[in-house]
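Report on the structure given below.
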Protein chains: 2
Amino acid sequence: MDYSTILSTLAEPSRLQIVELLRKGPLTVGEIADHIHIRQPQASKHLRVLHEAGMVEFDAEANCRIYKLRSEPFKALDLWLKEYRDIWEEKFDNLDRYLEDLQKREKKENEN
Amino acid sequence: MDYSTILSTLAEPSRLQIVELLRKGPLTVGEIADHIHIRQPQASKHLRVLHEAGMVEFDAEANCRIYKLRSEPFKALDLWLKEYRDIWEEKFDNLDRYLEDLQKREKKENEN
DNA sequence: TATTAATATTCCTTTTTAGGTATATTACGA
DNA sequence: TCGTAATATACCTAAAAAGGAATATTAATA
């Protein structure tokens, strides 16, 4: 599962709301639809997308499904984000002007 | 700037590539287009979206722009993700079955 | 077995968005 | 000032995705 899929799945506002909601605990489709004020078919469709992206799973109890978050995609996102941590920990800013100048020199060279 | 905007901006594969690329250091539009094999207008358009989402900024040098990442959106994402950290730190799993049972009881009560 | 509740799916329409191509803009240099 | 390089924008088309409404599915239960 690639990052684009995780990100686009989370990007849709209703789905983001669903995820925020499920953070507090597992819920059924109907409960989710009620909480975020969407219709049941839309809730099912969003949950399908979330499921296909591996972001939720469910326990089937009789004719209802109790959905809950899966941890893997969040772990993956966290791992990805870690790679960017040096951007805001000054390390990057120190290199900033140096890299700019470096690439300007490289470009000049390529032109010759 | 809301999370949906940041997420949908990052979700587009070319833009994600641009961000990964800029992680290594600032680059011009042309360099970005070359590196990820897209045409210049497409690069400009993606950079516009990234800029509007506050994810990049640029220094104008003569008639070229040197784009680089901004840290704020990444900090924001990290902060958001922190809220989910207890999902994969067992805390959630312990509550799991308890919450399921709880809501089943609540539902039964509502039916009466 | 007929009914009902919970959920999923299908079909349709609309909106959004991305790529392609051409063109506009901006600033530098001859 | 004319040409050129770097970038941005406009316009078109196509594809993806979301909501609405109706319907199908599934399982419990009377």
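Quick note on naming: the chains in the structure tokens go A, B, ... in the order shown, residues restart at 1 in each chain, and ligands are numbered from 1 in order of appearance.
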All residues 10 Å or closer to DT17 of chain C, only C-alpha atoms (C1' of nucleotides), same chain fewer than 6 positions away omitted, as a compact mmCIF listing (two decimals) with C-alpha atoms (C1' of nucleotides), in the first residue's frame:
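As written to disk, around.txt reads:
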```txt
# COMPACT_ATOMS: atom_id res chain seq x y z
C1' DA D 15 -10.79 10.65 -16.04
C1' DA D 16 -11.75 10.17 -11.22
C1' DA D 17 -14.64 10.70 -7.46
```
Show me, as a tab-separated table, the residues of chain A having an atom within 12 Å of chain D, each with the closest atom pair and its distance in Å, using only C-alpha atoms (C1' of nucleotides).
```
residue	atom	partner	partner_atom	distance
A:Ser8	CA	D:DA17	C1'	11.0
A:Thr9	CA	D:DA17	C1'	11.3
A:Glu12	CA	D:DA18	C1'	9.4
A:Pro13	CA	D:DA18	C1'	11.0
A:Ser14	CA	D:DA18	C1'	10.4
A:Arg15	CA	D:DA18	C1'	11.6
A:Ile38	CA	D:DG19	C1'	9.7
A:Arg39	CA	D:DG20	C1'	9.4
A:Gln40	CA	D:DG20	C1'	11.3
A:Pro41	CA	D:DG20	C1'	9.5
A:Gln42	CA	D:DG19	C1'	7.5
A:Ala43	CA	D:DG19	C1'	11.0
A:Lys45	CA	D:DA18	C1'	9.7
A:His46	CA	D:DA18	C1'	9.7
A:Val49	CA	D:DA17	C1'	11.2
A:Ala60	CA	D:DA27	C1'	10.8
A:Glu61	CA	D:DA27	C1'	9.6
A:Ala62	CA	D:DA27	C1'	6.0
A:Asn63	CA	D:DA27	C1'	5.2
A:Cys64	CA	D:DA27	C1'	9.0
A:Arg65	CA	D:DT26	C1'	11.6
A:Glu111	CA	D:DA5	C1'	12.0
```
Test item: chain C residues at most 10 Å from chain A, counting only C-alpha atoms (C1' of nucleotides), as a list in words: DA5, DA6, DT7, DA8 and DT9 of chain C
Expected answer as a VMD selection string: strand (DSSP E or B) residues in segment 23-85 of chain A: chain A and resid 27 to 28 56 to 61 64 to 69
Backbone DSSP call of alpha helix (DSSP H) for segment 31-92 of chain B, listed as a ChimeraX atom specification: /B:31-36,40-52,72-82,91-92
Please save C-alpha atoms of the selected residues as a PDB file, in the first residue's frame.
```pdb
ATOM      1  CA  GLU B  31      15.101  20.801 -12.503  1.00  0.00           C
ATOM      2  CA  ILE B  32      12.021  19.408 -10.795  1.00  0.00           C
ATOM      3  CA  ALA B  33      10.313  18.729 -14.120  1.00  0.00           C
ATOM      4  CA  ASP B  34      13.417  16.928 -15.378  1.00  0.00           C
ATOM      5  CA  HIS B  35      13.875  14.824 -12.282  1.00  0.00           C
ATOM      6  CA  ILE B  36      10.360  13.421 -12.134  1.00  0.00           C
ATOM      7  CA  GLN B  40       7.300  22.213 -17.318  1.00  0.00           C
ATOM      8  CA  PRO B  41       3.694  23.481 -17.263  1.00  0.00           C
ATOM      9  CA  GLN B  42       2.657  20.487 -15.190  1.00  0.00           C
ATOM     10  CA  ALA B  43       5.510  21.139 -12.782  1.00  0.00           C
ATOM     11  CA  SER B  44       4.461  24.778 -12.454  1.00  0.00           C
ATOM     12  CA  LYS B  45       0.868  23.773 -11.823  1.00  0.00           C
ATOM     13  CA  HIS B  46       1.786  21.266  -9.139  1.00  0.00           C
ATOM     14  CA  LEU B  47       4.089  23.784  -7.516  1.00  0.00           C
ATOM     15  CA  ARG B  48       1.251  26.273  -7.524  1.00  0.00           C
ATOM     16  CA  VAL B  49      -0.957  23.814  -5.662  1.00  0.00           C
ATOM     17  CA  LEU B  50       1.846  23.042  -3.242  1.00  0.00           C
ATOM     18  CA  HIS B  51       2.415  26.751  -2.716  1.00  0.00           C
ATOM     19  CA  GLU B  52      -1.264  27.483  -2.125  1.00  0.00           C
ATOM     20  CA  GLU B  72       4.869  24.133   8.966  1.00  0.00           C
ATOM     21  CA  PRO B  73       2.578  21.628   7.188  1.00  0.00           C
ATOM     22  CA  PHE B  74       4.844  18.782   8.191  1.00  0.00           C
ATOM     23  CA  LYS B  75       4.820  19.931  11.771  1.00  0.00           C
ATOM     24  CA  ALA B  76       1.038  20.102  11.597  1.00  0.00           C
ATOM     25  CA  LEU B  77       0.765  16.604  10.165  1.00  0.00           C
ATOM     26  CA  ASP B  78       3.081  15.303  12.823  1.00  0.00           C
ATOM     27  CA  LEU B  79       0.967  16.916  15.502  1.00  0.00           C
ATOM     28  CA  TRP B  80      -2.178  15.396  14.049  1.00  0.00           C
ATOM     29  CA  LEU B  81      -0.582  11.991  13.818  1.00  0.00           C
ATOM     30  CA  LYS B  82       0.517  12.191  17.446  1.00  0.00           C
ATOM     31  CA  LYS B  91      -3.623   1.354  24.823  1.00  0.00           C
ATOM     32  CA  PHE B  92      -6.346   1.120  22.239  1.00  0.00           C
TER      33      PHE B  92
END
```
Dump as JSON lines the rows for residues of chain B within 6 Å of chain A: closest atom pair and distance in Å with one decimal, only C-alpha atoms counted, ordered by chain and rising residue number.
```
{"residue": "B:Ser4", "atom": "CA", "partner": "A:Ala11", "partner_atom": "CA", "distance": 4.6}
{"residue": "B:Leu7", "atom": "CA", "partner": "A:Ala11", "partner_atom": "CA", "distance": 4.9}
{"residue": "B:Ser8", "atom": "CA", "partner": "A:Ala11", "partner_atom": "CA", "distance": 4.8}
{"residue": "B:Ala11", "atom": "CA", "partner": "A:Ser4", "partner_atom": "CA", "distance": 4.6}
{"residue": "B:Ser71", "atom": "CA", "partner": "A:Trp88", "partner_atom": "CA", "distance": 5.3}
{"residue": "B:Trp88", "atom": "CA", "partner": "A:Ser71", "partner_atom": "CA", "distance": 5.3}
```
Atom-to-atom span, atom CA of Gln17 of chain B and atom CA of Glu57 of chain A, Å: 29.3 Å
Computed interatomic separation between atom CA of Leu21 of chain B and atom CA of Val56 of chain B (Å):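 Those two atoms sit 12.0 Å apart.
Computed from the coordinates, the atom C1' of DT16 of chain C to atom CA of Ala53 of chain A distance equals 21.3 Å.
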